[in-house]
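Dumped model.cif below, it's mmCIF, C-alpha atoms and all ligand atoms:
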```
data_data
loop_
_atom_site.label_atom_id
_atom_site.label_comp_id
_atom_site.auth_asym_id
_atom_site.auth_seq_id
_atom_site.Cartn_x
_atom_site.Cartn_y
_atom_site.Cartn_z
CA PRO A 363 -11.73 -21.61 35.72
CA SER A 364 -9.55 -20.87 32.72
CA VAL A 365 -6.03 -19.65 33.29
CA PHE A 366 -6.96 -17.06 30.66
CA ALA A 367 -10.08 -15.88 32.52
CA ASP A 368 -8.59 -12.41 32.99
CA VAL A 369 -8.03 -11.84 29.29
CA VAL A 370 -10.16 -8.91 28.21
CA GLN A 371 -12.01 -8.74 24.94
CA ALA A 372 -9.96 -6.73 22.42
CA PRO A 373 -11.61 -4.27 20.06
CA GLU A 374 -11.95 -5.17 16.39
CA ASP A 375 -9.30 -3.81 14.04
CA PRO A 376 -10.62 -0.40 12.94
CA ILE A 377 -10.35 -1.31 9.25
CA LEU A 378 -11.11 -5.05 9.25
CA GLY A 379 -13.88 -4.45 11.79
CA VAL A 380 -15.89 -2.61 9.14
CA THR A 381 -16.27 -5.86 7.21
CA VAL A 382 -17.25 -7.72 10.37
CA ALA A 383 -20.10 -5.23 10.90
CA TYR A 384 -21.05 -5.40 7.21
CA ASN A 385 -21.27 -9.19 7.27
CA LYS A 386 -23.71 -9.03 10.20
CA ASP A 387 -26.10 -6.65 8.39
CA PRO A 388 -28.98 -8.56 6.72
CA SER A 389 -30.00 -5.61 4.49
CA PRO A 390 -30.06 -6.44 0.75
CA VAL A 391 -28.91 -2.94 -0.17
CA LYS A 392 -25.79 -2.96 2.02
CA VAL A 393 -22.52 -1.79 0.48
CA ASN A 394 -19.02 -2.40 1.86
CA LEU A 395 -16.70 0.49 1.09
CA GLY A 396 -14.35 -0.34 3.95
CA VAL A 397 -12.20 -3.06 2.44
CA GLY A 398 -9.05 -2.16 0.58
CA ALA A 399 -9.60 -4.85 -2.02
CA TYR A 400 -10.63 -4.62 -5.65
CA ARG A 401 -14.12 -5.65 -6.65
CA THR A 402 -15.58 -6.06 -10.13
CA GLU A 403 -18.54 -4.05 -11.42
CA GLU A 404 -20.63 -6.97 -10.09
CA GLY A 405 -19.13 -6.52 -6.64
CA LYS A 406 -17.10 -9.74 -6.81
CA PRO A 407 -13.43 -10.32 -5.90
CA LEU A 408 -11.25 -10.65 -8.99
CA VAL A 409 -8.57 -13.21 -9.79
CA LEU A 410 -6.59 -11.93 -12.76
CA ASN A 411 -6.65 -14.14 -15.82
CA VAL A 412 -2.86 -14.03 -16.01
CA VAL A 413 -2.66 -15.23 -12.40
CA ARG A 414 -4.96 -18.17 -13.21
CA ARG A 415 -2.74 -19.03 -16.18
CA ALA A 416 0.43 -18.85 -14.11
CA GLU A 417 -1.12 -21.10 -11.46
CA GLN A 418 -2.15 -23.60 -14.11
CA MET A 419 1.40 -23.68 -15.45
CA LEU A 420 2.77 -24.24 -11.97
CA VAL A 421 0.34 -27.08 -11.31
CA ASN A 422 1.13 -28.74 -14.65
CA ASP A 423 4.87 -28.58 -14.03
CA GLY A 424 5.43 -32.01 -12.50
CA SER A 425 9.01 -31.19 -11.54
CA ARG A 426 7.90 -28.64 -8.94
CA VAL A 427 8.35 -29.65 -5.32
CA LYS A 428 7.33 -28.15 -1.97
CA GLU A 429 10.79 -27.83 -0.43
CA TYR A 430 11.54 -24.87 1.83
CA LEU A 431 12.61 -21.68 0.13
CA PRO A 432 15.81 -20.07 1.40
CA ILE A 433 15.36 -17.56 4.27
CA THR A 434 15.42 -14.74 1.73
CA GLY A 435 12.80 -16.37 -0.51
CA LEU A 436 12.70 -17.15 -4.21
CA ALA A 437 15.80 -15.70 -5.91
CA ASP A 438 14.06 -15.03 -9.25
CA PHE A 439 11.19 -13.32 -7.52
CA ASN A 440 13.58 -11.04 -5.63
CA LYS A 441 15.53 -10.01 -8.74
CA LEU A 442 12.38 -9.35 -10.75
CA SER A 443 10.74 -7.43 -7.90
CA ALA A 444 13.73 -5.09 -7.62
CA LYS A 445 13.58 -4.45 -11.35
CA LEU A 446 9.86 -3.79 -11.17
CA ILE A 447 10.21 -1.04 -8.62
CA PHE A 448 13.63 0.45 -9.46
CA GLY A 449 13.42 -0.02 -13.23
CA VAL A 450 14.97 -2.62 -15.56
CA ASP A 451 18.07 -0.51 -16.18
CA SER A 452 18.59 0.65 -12.62
CA PRO A 453 22.32 1.26 -12.04
CA ALA A 454 21.86 0.42 -8.36
CA ILE A 455 20.80 -3.12 -9.35
CA GLN A 456 23.59 -3.45 -11.93
CA GLU A 457 26.14 -2.34 -9.34
CA LYS A 458 24.72 -4.98 -6.94
CA ARG A 459 24.01 -2.34 -4.33
CA VAL A 460 20.47 -3.64 -3.75
CA THR A 461 19.49 -6.50 -1.50
CA THR A 462 15.95 -7.82 -1.89
CA VAL A 463 14.25 -10.34 0.35
CA GLN A 464 10.85 -11.92 -0.16
CA CYS A 465 8.51 -11.14 2.74
CA LEU A 466 4.90 -11.64 3.81
CA SER A 467 3.27 -9.05 1.57
CA GLY A 468 3.61 -5.33 2.25
CA THR A 469 3.04 -5.60 5.99
CA GLY A 470 5.72 -8.25 6.47
CA SER A 471 8.18 -6.27 4.34
CA LEU A 472 7.62 -3.17 6.46
CA ARG A 473 8.05 -5.19 9.63
CA VAL A 474 11.29 -6.88 8.54
CA GLY A 475 12.70 -3.54 7.37
CA ALA A 476 11.74 -1.90 10.66
CA GLU A 477 13.25 -4.72 12.76
CA PHE A 478 16.48 -4.41 10.78
CA LEU A 479 16.59 -0.64 11.33
CA ALA A 480 15.87 -0.99 15.04
CA ARG A 481 18.89 -3.28 15.36
CA HIS A 482 21.40 -1.78 12.95
CA TYR A 483 20.58 1.85 12.24
CA HIS A 484 21.82 4.63 14.50
CA GLN A 485 18.63 6.71 14.52
CA ARG A 486 15.54 4.87 15.72
CA THR A 487 12.94 7.58 15.14
CA ILE A 488 10.59 7.13 12.20
CA TYR A 489 8.34 9.91 10.89
CA ILE A 490 5.06 8.76 9.37
CA PRO A 491 2.54 10.96 7.54
CA LEU A 492 -0.52 12.30 9.36
CA PRO A 493 -2.78 10.52 8.66
CA THR A 494 -1.47 7.20 7.37
CA TRP A 495 -2.51 3.56 7.02
CA GLY A 496 -3.65 2.52 10.51
CA ASN A 497 -1.22 -0.37 10.75
CA HIS A 498 1.92 1.73 10.22
CA PRO A 499 2.34 3.06 13.79
CA LYS A 500 1.82 -0.39 15.28
CA VAL A 501 4.20 -2.17 12.91
CA PHE A 502 6.98 0.32 13.55
CA ALA A 503 6.48 0.68 17.30
CA LEU A 504 6.42 -3.09 17.84
CA ALA A 505 9.61 -3.42 15.81
CA GLY A 506 11.29 -1.08 18.30
CA LEU A 507 11.22 2.25 16.48
CA PHE A 508 9.99 5.54 17.95
CA VAL A 509 7.08 6.81 15.90
CA LYS A 510 6.52 10.50 15.19
CA THR A 511 4.33 12.14 12.59
CA TYR A 512 4.80 14.77 9.93
CA ARG A 513 1.99 16.95 8.57
CA TYR A 514 0.64 15.62 5.30
CA TYR A 515 -3.06 16.22 4.69
CA ASP A 516 -4.83 19.55 4.81
CA PRO A 517 -8.56 19.09 5.57
CA ALA A 518 -9.27 22.64 4.39
CA THR A 519 -8.09 21.99 0.83
CA ARG A 520 -8.51 18.21 0.96
CA GLY A 521 -5.03 18.21 -0.57
CA LEU A 522 -1.39 18.09 0.48
CA ASN A 523 -0.15 20.29 3.31
CA PHE A 524 3.15 20.71 1.51
CA GLN A 525 4.37 23.61 3.64
CA GLY A 526 3.64 21.67 6.84
CA LEU A 527 5.38 18.60 5.44
CA LEU A 528 8.53 20.56 4.59
CA GLU A 529 8.56 22.29 7.98
CA ASP A 530 8.18 19.04 9.90
CA LEU A 531 10.84 17.19 7.92
CA SER A 532 13.18 20.20 8.27
CA ALA A 533 12.73 20.02 12.04
CA ALA A 534 13.34 16.25 12.21
CA PRO A 535 16.63 15.15 13.78
CA SER A 536 19.39 14.37 11.31
CA GLY A 537 19.31 10.74 10.18
CA ALA A 538 15.68 10.14 11.13
CA ILE A 539 13.75 7.59 9.07
CA VAL A 540 10.84 8.91 7.00
CA LEU A 541 8.01 6.68 5.81
CA LEU A 542 6.80 7.74 2.35
CA HIS A 543 3.87 6.27 0.42
CA ALA A 544 5.31 5.65 -3.06
CA CYS A 545 1.95 6.49 -4.67
CA ALA A 546 -1.78 6.43 -3.94
CA HIS A 547 -1.43 7.58 -0.33
CA ASN A 548 -3.72 5.63 1.98
CA PRO A 549 -6.14 6.89 3.35
CA THR A 550 -6.09 10.34 1.71
CA GLY A 551 -5.53 9.60 -2.00
CA VAL A 552 -3.32 12.70 -2.02
CA ASP A 553 0.16 12.41 -3.58
CA PRO A 554 2.89 15.03 -4.01
CA THR A 555 3.45 16.21 -7.59
CA PHE A 556 6.71 15.27 -9.29
CA GLU A 557 8.15 18.71 -8.52
CA GLN A 558 7.13 18.36 -4.88
CA TRP A 559 8.78 14.93 -4.72
CA GLU A 560 11.96 16.53 -6.00
CA GLN A 561 11.81 19.15 -3.25
CA ILE A 562 11.18 16.46 -0.65
CA ARG A 563 14.16 14.54 -1.99
CA GLN A 564 16.47 17.54 -1.81
CA LEU A 565 15.41 18.34 1.73
CA MET A 566 15.72 14.73 2.91
CA ARG A 567 19.12 14.20 1.36
CA SER A 568 20.44 17.51 2.71
CA LYS A 569 19.35 16.46 6.21
CA THR A 570 20.45 12.82 5.69
CA LEU A 571 16.92 11.62 6.47
CA LEU A 572 16.52 7.95 5.49
CA PRO A 573 13.61 7.21 3.10
CA PHE A 574 11.50 4.12 3.75
CA PHE A 575 9.06 3.75 0.84
CA ASP A 576 5.85 1.81 1.22
CA SER A 577 4.78 0.73 -2.27
CA ALA A 578 1.45 -1.05 -1.91
CA TYR A 579 -0.18 0.27 -5.10
CA GLN A 580 2.37 0.28 -7.93
CA GLY A 581 0.43 0.34 -11.21
CA PHE A 582 -2.85 0.49 -9.38
CA ALA A 583 -2.88 4.28 -9.07
CA SER A 584 -2.32 5.44 -12.64
CA GLY A 585 -2.54 2.13 -14.46
CA ASN A 586 1.16 2.49 -15.34
CA LEU A 587 3.81 0.61 -13.37
CA ASP A 588 6.66 3.00 -14.24
CA ALA A 589 4.69 6.17 -13.54
CA ASP A 590 3.71 4.89 -10.10
CA ALA A 591 7.37 4.13 -9.22
CA GLN A 592 8.64 7.60 -10.16
CA SER A 593 8.96 8.81 -6.58
CA VAL A 594 11.08 5.84 -5.55
CA ARG A 595 13.27 6.02 -8.65
CA LEU A 596 13.93 9.71 -8.06
CA PHE A 597 15.52 8.81 -4.71
CA VAL A 598 17.53 5.93 -6.18
CA GLU A 599 18.92 8.04 -9.03
CA ASP A 600 20.83 10.33 -6.67
CA GLY A 601 22.90 7.37 -5.48
CA GLY A 602 21.60 7.61 -1.91
CA GLU A 603 20.36 4.82 0.33
CA LEU A 604 16.77 3.80 1.05
CA LEU A 605 14.37 1.01 1.92
CA ALA A 606 11.35 -0.04 -0.11
CA ALA A 607 8.52 -2.39 0.86
CA GLN A 608 6.55 -3.83 -2.06
CA SER A 609 3.21 -5.58 -2.02
CA TYR A 610 1.59 -7.65 -4.77
CA ALA A 611 -1.73 -7.74 -2.91
CA LYS A 612 -3.47 -5.05 -4.95
CA ASN A 613 -1.60 -4.87 -8.26
CA MET A 614 -1.72 -8.65 -8.87
CA GLY A 615 -4.76 -9.29 -6.70
CA LEU A 616 -2.73 -11.74 -4.59
CA TYR A 617 -4.05 -10.46 -1.24
CA GLY A 618 -4.28 -13.76 0.64
CA GLU A 619 -1.11 -15.20 -0.87
CA ARG A 620 0.89 -12.72 1.21
CA VAL A 621 3.57 -11.95 -1.33
CA GLY A 622 5.84 -8.93 -1.16
CA ALA A 623 9.45 -7.85 -0.99
CA LEU A 624 11.76 -5.64 1.02
CA SER A 625 14.63 -4.00 -0.84
CA ILE A 626 17.45 -2.04 0.73
CA VAL A 627 19.49 0.12 -1.62
CA CYS A 628 22.99 0.60 -0.23
CA LYS A 629 26.02 2.71 -1.16
CA THR A 630 28.16 -0.27 -2.13
CA ALA A 631 27.80 -3.95 -3.02
CA ASP A 632 29.86 -4.85 0.04
CA VAL A 633 27.43 -3.08 2.38
CA ALA A 634 24.46 -4.70 0.60
CA THR A 635 25.93 -8.17 1.20
CA LYS A 636 26.36 -7.50 4.91
CA VAL A 637 22.90 -5.97 5.19
CA GLU A 638 21.41 -9.08 3.59
CA SER A 639 23.23 -11.33 6.04
CA GLN A 640 21.59 -9.40 8.89
CA LEU A 641 18.14 -9.47 7.26
CA LYS A 642 18.42 -13.26 7.39
CA LEU A 643 18.98 -13.06 11.13
CA VAL A 644 15.83 -10.95 11.46
CA ILE A 645 13.70 -13.33 9.37
CA ARG A 646 14.87 -16.74 10.63
CA PRO A 647 13.43 -16.50 14.17
CA MET A 648 10.26 -14.78 12.91
CA TYR A 649 9.02 -17.32 10.36
CA SER A 650 12.10 -19.14 9.03
CA SER A 651 11.31 -18.67 5.35
CA PRO A 652 8.48 -17.25 3.22
CA PRO A 653 5.77 -19.23 1.37
CA ILE A 654 6.49 -20.51 -2.13
CA HIS A 655 3.22 -20.35 -4.04
CA GLY A 656 2.51 -16.62 -4.41
CA ALA A 657 6.12 -15.77 -5.19
CA SER A 658 6.17 -18.46 -7.88
CA ILE A 659 3.09 -16.93 -9.50
CA VAL A 660 4.68 -13.48 -9.50
CA ALA A 661 8.01 -14.74 -10.86
CA THR A 662 6.24 -16.69 -13.62
CA ILE A 663 4.41 -13.58 -14.75
CA LEU A 664 7.29 -11.12 -14.41
CA LYS A 665 9.80 -13.20 -16.35
CA ASP A 666 7.58 -13.95 -19.33
CA ARG A 667 7.25 -11.05 -21.77
CA GLU A 668 3.79 -12.03 -22.98
CA MET A 669 2.38 -12.74 -19.49
CA TYR A 670 3.86 -9.51 -18.20
CA HIS A 671 2.08 -7.67 -20.99
CA GLU A 672 -1.22 -9.33 -20.17
CA TRP A 673 -0.74 -8.32 -16.53
CA THR A 674 -0.25 -4.66 -17.44
CA ILE A 675 -3.50 -4.73 -19.42
CA GLU A 676 -5.49 -6.29 -16.60
CA LEU A 677 -3.89 -3.91 -14.12
CA LYS A 678 -4.81 -0.90 -16.21
CA ALA A 679 -8.39 -2.16 -16.46
CA MET A 680 -8.64 -2.23 -12.65
CA ALA A 681 -7.14 1.27 -12.35
CA ASP A 682 -9.45 2.59 -15.07
CA ARG A 683 -12.56 1.17 -13.46
CA ILE A 684 -11.65 2.92 -10.21
CA ILE A 685 -11.04 6.21 -12.01
CA SER A 686 -14.39 5.82 -13.76
CA MET A 687 -16.09 5.31 -10.36
CA ARG A 688 -14.60 8.64 -9.25
CA HIS A 689 -16.13 10.41 -12.23
CA GLN A 690 -19.49 8.71 -11.81
CA LEU A 691 -19.74 9.56 -8.11
CA PHE A 692 -18.68 13.14 -8.75
CA GLU A 693 -21.29 13.49 -11.51
CA ALA A 694 -24.02 11.91 -9.36
CA LEU A 695 -23.42 14.45 -6.58
CA ARG A 696 -23.32 17.30 -9.05
CA ALA A 697 -26.58 16.15 -10.64
CA LYS A 698 -28.24 16.12 -7.22
CA GLY A 699 -26.89 19.56 -6.43
CA THR A 700 -25.25 18.30 -3.24
CA PRO A 701 -23.74 21.37 -1.55
CA GLY A 702 -19.97 21.67 -1.34
CA ASP A 703 -16.94 21.18 -3.53
CA TRP A 704 -16.53 17.51 -4.44
CA THR A 705 -13.69 17.88 -6.94
CA HIS A 706 -11.40 16.01 -4.52
CA ILE A 707 -13.26 12.83 -5.52
CA ILE A 708 -11.76 13.09 -9.01
CA LYS A 709 -8.45 14.61 -7.93
CA GLN A 710 -7.47 12.00 -5.37
CA ILE A 711 -5.42 9.03 -6.50
CA GLY A 712 -5.66 5.28 -6.00
CA MET A 713 -8.11 3.01 -4.27
CA PHE A 714 -9.55 5.45 -1.75
CA THR A 715 -11.35 8.74 -1.54
CA PHE A 716 -11.01 10.68 1.67
CA THR A 717 -14.49 12.14 1.47
CA GLY A 718 -14.28 14.68 4.28
CA LEU A 719 -17.39 13.13 5.88
CA ASN A 720 -17.13 13.15 9.67
CA THR A 721 -17.74 10.34 12.16
CA GLU A 722 -21.39 11.29 12.73
CA GLN A 723 -22.10 11.48 9.02
CA VAL A 724 -20.46 8.09 8.51
CA ALA A 725 -22.54 6.61 11.35
CA PHE A 726 -25.69 8.08 9.79
CA MET A 727 -24.90 6.56 6.39
CA THR A 728 -24.27 3.17 7.95
CA LYS A 729 -27.46 3.27 10.03
CA GLU A 730 -29.83 4.66 7.42
CA TYR A 731 -28.27 3.46 4.16
CA HIS A 732 -26.30 0.35 5.20
CA ILE A 733 -23.13 1.81 3.69
CA TYR A 734 -20.01 0.68 5.51
CA MET A 735 -16.72 2.62 5.62
CA THR A 736 -14.03 3.57 8.11
CA SER A 737 -15.08 6.27 10.57
CA ASP A 738 -12.57 8.75 9.10
CA GLY A 739 -14.77 8.98 6.00
CA ARG A 740 -12.49 6.95 3.75
CA ILE A 741 -14.31 5.05 1.03
CA SER A 742 -12.89 2.36 -1.20
CA MET A 743 -13.69 3.35 -4.79
CA ALA A 744 -12.99 -0.25 -5.79
CA GLY A 745 -16.03 -1.38 -3.80
CA LEU A 746 -18.39 0.79 -5.90
CA SER A 747 -20.26 0.01 -9.11
CA SER A 748 -22.56 1.91 -11.46
CA LYS A 749 -25.42 0.24 -9.59
CA THR A 750 -24.38 1.33 -6.08
CA ILE A 751 -23.27 4.87 -6.91
CA PRO A 752 -26.81 6.40 -6.87
CA HIS A 753 -27.40 4.85 -3.42
CA LEU A 754 -24.10 6.29 -2.13
CA ALA A 755 -24.84 9.70 -3.65
CA ASP A 756 -28.28 9.71 -1.94
CA ALA A 757 -26.64 8.81 1.36
CA ILE A 758 -23.95 11.50 1.11
CA HIS A 759 -26.54 14.07 0.07
CA GLU A 760 -28.77 13.35 3.03
CA ALA A 761 -25.85 13.05 5.48
CA ILE A 762 -24.61 16.55 4.75
CA THR A 763 -27.91 18.40 4.24
N1 LIG B 801 0.77 -0.21 3.08
C1 LIG B 801 -0.34 0.42 2.74
C2 LIG B 801 -0.31 1.90 2.60
C3 LIG B 801 -1.52 -0.28 2.53
O1 LIG B 801 -2.62 0.37 2.19
C4 LIG B 801 -1.52 -1.68 2.70
C5 LIG B 801 -2.76 -2.45 2.54
O2 LIG B 801 -3.86 -2.01 2.68
C6 LIG B 801 -0.31 -2.31 3.03
C7 LIG B 801 0.80 -1.53 3.21
C8 LIG B 801 -0.10 -3.75 3.24
O3 LIG B 801 -0.89 -4.65 2.64
P1 LIG B 801 -0.44 -6.16 2.50
O4 LIG B 801 0.27 -6.55 3.74
O5 LIG B 801 -1.73 -6.88 2.30
O6 LIG B 801 0.44 -6.21 1.31
#
```
Show me the file's structure as structure tokens.
Ligand code: PLP
Amino acid sequence: PSVFADVVQAPEDPILGVTVAYNKDPSPVKVNLGVGAYRTEEGKPLVLNVVRRAEQMLVNDGSRVKEYLPITGLADFNKLSAKLIFGVDSPAIQEKRVTTVQCLSGTGSLRVGAEFLARHYHQRTIYIPLPTWGNHPKVFALAGLFVKTYRYYDPATRGLNFQGLLEDLSAAPSGAIVLLHACAHNPTGVDPTFEQWEQIRQLMRSKTLLPFFDSAYQGFASGNLDADAQSVRLFVEDGGELLAAQSYAKNMGLYGERVGALSIVCKTADVATKVESQLKLVIRPMYSSPPIHGASIVATILKDREMYHEWTIELKAMADRIISMRHQLFEALRAKGTPGDWTHIIKQIGMFTFTGLNTEQVAFMTKEYHIYMTSDGRISMAGLSSKTIPHLADAIHEAIT
């Protein structure tokens, strides 16, 4: 018998498992609204034209080799990534108070940041929003942090529970880490307004709570890279410290290339240098150094004015298509006279709509309409098209009536 005979079958990942179930369904009308990946109007994955061009340039450059990157990754990529999130003129960057390391997409950046905090920060409790991306609690707990939640979403209004959020952060122990979604909160699509961000900032700074931003959707929410970084920049402007995890999965469509960055903004350049030296000690035994290809694509695009411009146009087109899907779904439900207030479909921001459909309703829609989504009723607007919207509207209508 196998020495592993006692290993029990693990459950599928609650998010990735939706696609596993979808793939097994032979129905021709099936729709996958579970994946957090952009699809075209034809339902196909999209490689940005500017990414194809950058790859072509890299391939044609005969001087490029496959040597290891340094532990911290591609230097150009790190500099450009910091500028992308903090702004080109960020004083924190000019004062060399920021250390940026290339990591394995958003997830890897969160994990490296969390491992660093578990080793070197005095307060090991992290507050994450309720609800949040399903991987957050696992990433932080396995890194050695203690995970607690703060109120975020109000099912009654399908909006922000701002009062609850302020109360919970006020009650958090001084110094606690707070995970904040920079924009396009996943799974709810609910973001604080600019004024609310400012209140959150004041409260957090007065209680010396440490912000850890997760920026997985910069540019993807509004179509504008600067607008989607406002929350983060607000916290950098006050001169305080923070962490930020960036992902290029969605905004450059580089999902499988696993390219992202962790930045830590420190009080002084001296502290930033020491912090970076410790980040290297976290990374080296984990995976030695990050992969070269995706970071080279990103650096190529970010450093070339014309390619950068093309990227912003393609990015805006993705964001606009998603926003248009929101309007089309909302209109389809209104035309059918589906009972209830569906304005949250157009109010929510980013890739997902938190529909408010319950587990039974979701199960019904999967069984009867072959529509796949996570059991919390989250649907990926990027997985919809003008062709599939009537089918989804029919399903929602029947599920709730
Ligand atoms: N954080 C949030 C909120 C996300 O939604 C995601 C992806 O779905 C990630 C982080 C990490 O994604 P990746 O590791 O592919 O960059």
Exercise. When the cut-off is 10 Å and you count all atoms listed in the file, which residues lie near ligand LIG 801 (chain B), shown as a PyMOL selection string?
Worked result: chain A and resi 377+397-399+465-473+494-498+542-549+575-579+607-613+615-623+713-714
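Considering only C-alpha atoms, the residue among A:Leu572, A:Ala518, A:Trp559, A:Leu587 positioned nearest to Ala534 in chain A is A:Leu572.
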Taking (16.5, 8.4, -3.5) in the file's own coordinates, collect the residues within 12 Å, counting all atoms listed in the file, and hand them back as a PDB file with C-alpha atoms, in the coordinates of the input.
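Final output, saved to point.pdb:
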```
ATOM      1  CA  PHE A 448      13.630   0.450  -9.460  1.00  0.00           C
ATOM      2  CA  ALA A 454      21.860   0.420  -8.360  1.00  0.00           C
ATOM      3  CA  VAL A 540      10.840   8.910   7.000  1.00  0.00           C
ATOM      4  CA  LEU A 542       6.800   7.740   2.350  1.00  0.00           C
ATOM      5  CA  ALA A 544       5.310   5.650  -3.060  1.00  0.00           C
ATOM      6  CA  TRP A 559       8.780  14.930  -4.720  1.00  0.00           C
ATOM      7  CA  GLU A 560      11.960  16.530  -6.000  1.00  0.00           C
ATOM      8  CA  GLN A 561      11.810  19.150  -3.250  1.00  0.00           C
ATOM      9  CA  ILE A 562      11.180  16.460  -0.650  1.00  0.00           C
ATOM     10  CA  ARG A 563      14.160  14.540  -1.990  1.00  0.00           C
ATOM     11  CA  GLN A 564      16.470  17.540  -1.810  1.00  0.00           C
ATOM     12  CA  LEU A 565      15.410  18.340   1.730  1.00  0.00           C
ATOM     13  CA  MET A 566      15.720  14.730   2.910  1.00  0.00           C
ATOM     14  CA  ARG A 567      19.120  14.200   1.360  1.00  0.00           C
ATOM     15  CA  SER A 568      20.440  17.510   2.710  1.00  0.00           C
ATOM     16  CA  THR A 570      20.450  12.820   5.690  1.00  0.00           C
ATOM     17  CA  LEU A 571      16.920  11.620   6.470  1.00  0.00           C
ATOM     18  CA  LEU A 572      16.520   7.950   5.490  1.00  0.00           C
ATOM     19  CA  PRO A 573      13.610   7.210   3.100  1.00  0.00           C
ATOM     20  CA  PHE A 574      11.500   4.120   3.750  1.00  0.00           C
ATOM     21  CA  PHE A 575       9.060   3.750   0.840  1.00  0.00           C
ATOM     22  CA  ALA A 591       7.370   4.130  -9.220  1.00  0.00           C
ATOM     23  CA  GLN A 592       8.640   7.600 -10.160  1.00  0.00           C
ATOM     24  CA  SER A 593       8.960   8.810  -6.580  1.00  0.00           C
ATOM     25  CA  VAL A 594      11.080   5.840  -5.550  1.00  0.00           C
ATOM     26  CA  ARG A 595      13.270   6.020  -8.650  1.00  0.00           C
ATOM     27  CA  LEU A 596      13.930   9.710  -8.060  1.00  0.00           C
ATOM     28  CA  PHE A 597      15.520   8.810  -4.710  1.00  0.00           C
ATOM     29  CA  VAL A 598      17.530   5.930  -6.180  1.00  0.00           C
ATOM     30  CA  GLU A 599      18.920   8.040  -9.030  1.00  0.00           C
ATOM     31  CA  ASP A 600      20.830  10.330  -6.670  1.00  0.00           C
ATOM     32  CA  GLY A 601      22.900   7.370  -5.480  1.00  0.00           C
ATOM     33  CA  GLY A 602      21.600   7.610  -1.910  1.00  0.00           C
ATOM     34  CA  GLU A 603      20.360   4.820   0.330  1.00  0.00           C
ATOM     35  CA  LEU A 604      16.770   3.800   1.050  1.00  0.00           C
ATOM     36  CA  LEU A 605      14.370   1.010   1.920  1.00  0.00           C
ATOM     37  CA  ALA A 606      11.350  -0.040  -0.110  1.00  0.00           C
ATOM     38  CA  ILE A 626      17.450  -2.040   0.730  1.00  0.00           C
ATOM     39  CA  VAL A 627      19.490   0.120  -1.620  1.00  0.00           C
ATOM     40  CA  CYS A 628      22.990   0.600  -0.230  1.00  0.00           C
ATOM     41  CA  LYS A 629      26.020   2.710  -1.160  1.00  0.00           C
TER      42      LYS A 629
END
```
Problem set entry | Spatial neighbours of range 668-678 of chain A, 9 Å, only C-alpha atoms, chain gap at least 3 places, as a PyMOL selection string | chain A and resi 410-413+415-416+581-582+584-587+613-614+662-665+681-683
For this session: Just the residues within 10 Å of Thr750 in chain A, please, counting all atoms listed in the file, with nothing from its chain fewer than 5 positions along; format it as a PyMOL selection string.
Result: chain A and resi 391-393+403-405+691+733+745+755
Restricting the output to C-alpha atoms, write the selected residues as an mmCIF file, keeping the file's coordinate frame.
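Okay, this is what ended up in out-v6.cif:
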```cif
data_model
loop_
_atom_site.group_PDB
_atom_site.id
_atom_site.type_symbol
_atom_site.label_atom_id
_atom_site.label_comp_id
_atom_site.auth_asym_id
_atom_site.auth_seq_id
_atom_site.Cartn_x
_atom_site.Cartn_y
_atom_site.Cartn_z
ATOM 1 C CA VAL A 391 -28.910 -2.940 -0.170
ATOM 2 C CA LYS A 392 -25.790 -2.960 2.020
ATOM 3 C CA VAL A 393 -22.520 -1.790 0.480
ATOM 4 C CA GLU A 403 -18.540 -4.050 -11.420
ATOM 5 C CA GLU A 404 -20.630 -6.970 -10.090
ATOM 6 C CA GLY A 405 -19.130 -6.520 -6.640
ATOM 7 C CA LEU A 691 -19.740 9.560 -8.110
ATOM 8 C CA ILE A 733 -23.130 1.810 3.690
ATOM 9 C CA GLY A 745 -16.030 -1.380 -3.800
ATOM 10 C CA ALA A 755 -24.840 9.700 -3.650
#
```
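Counting all atoms listed in the file and comparing A:Ile539, A:Ser625, A:Leu527, A:Gly551, the residue that lies closest to Ala583 in chain A is A:Gly551.
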For this session: Would you please work out which residue, of A:Ala694, A:Met735, A:Ala480, A:Leu442, is nearest to Leu378 in chain A when using only C-alpha atoms?
Result: A:Met735
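In this model, the gap between CA of Gly435 in chain A and CA of Thr462 in chain A comes to 9.2 Å.
When CA of Gln464 in chain A is paired with CA of Pro647 in chain A, their separation reads 15.3 Å.
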Exercise. Could you tell me, as a PyMOL selection string, which residues have any atom at most 12 Å from (-9.5, 11.8, -5.5), counting all atoms listed in the file?
Worked result: chain A and resi 520-522+546-553+583-584+684-689+691-692+704-718+740-743
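Reported to one decimal place, the separation of CA of Arg486 in chain A from CA of Leu507 in chain A is 5.1 Å.
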Problem set entry | Counting only C-alpha atoms, the option among A:Glu730, A:Asp590, A:Asp530, A:Asp451 closest to Asp387 in chain A | A:Glu730
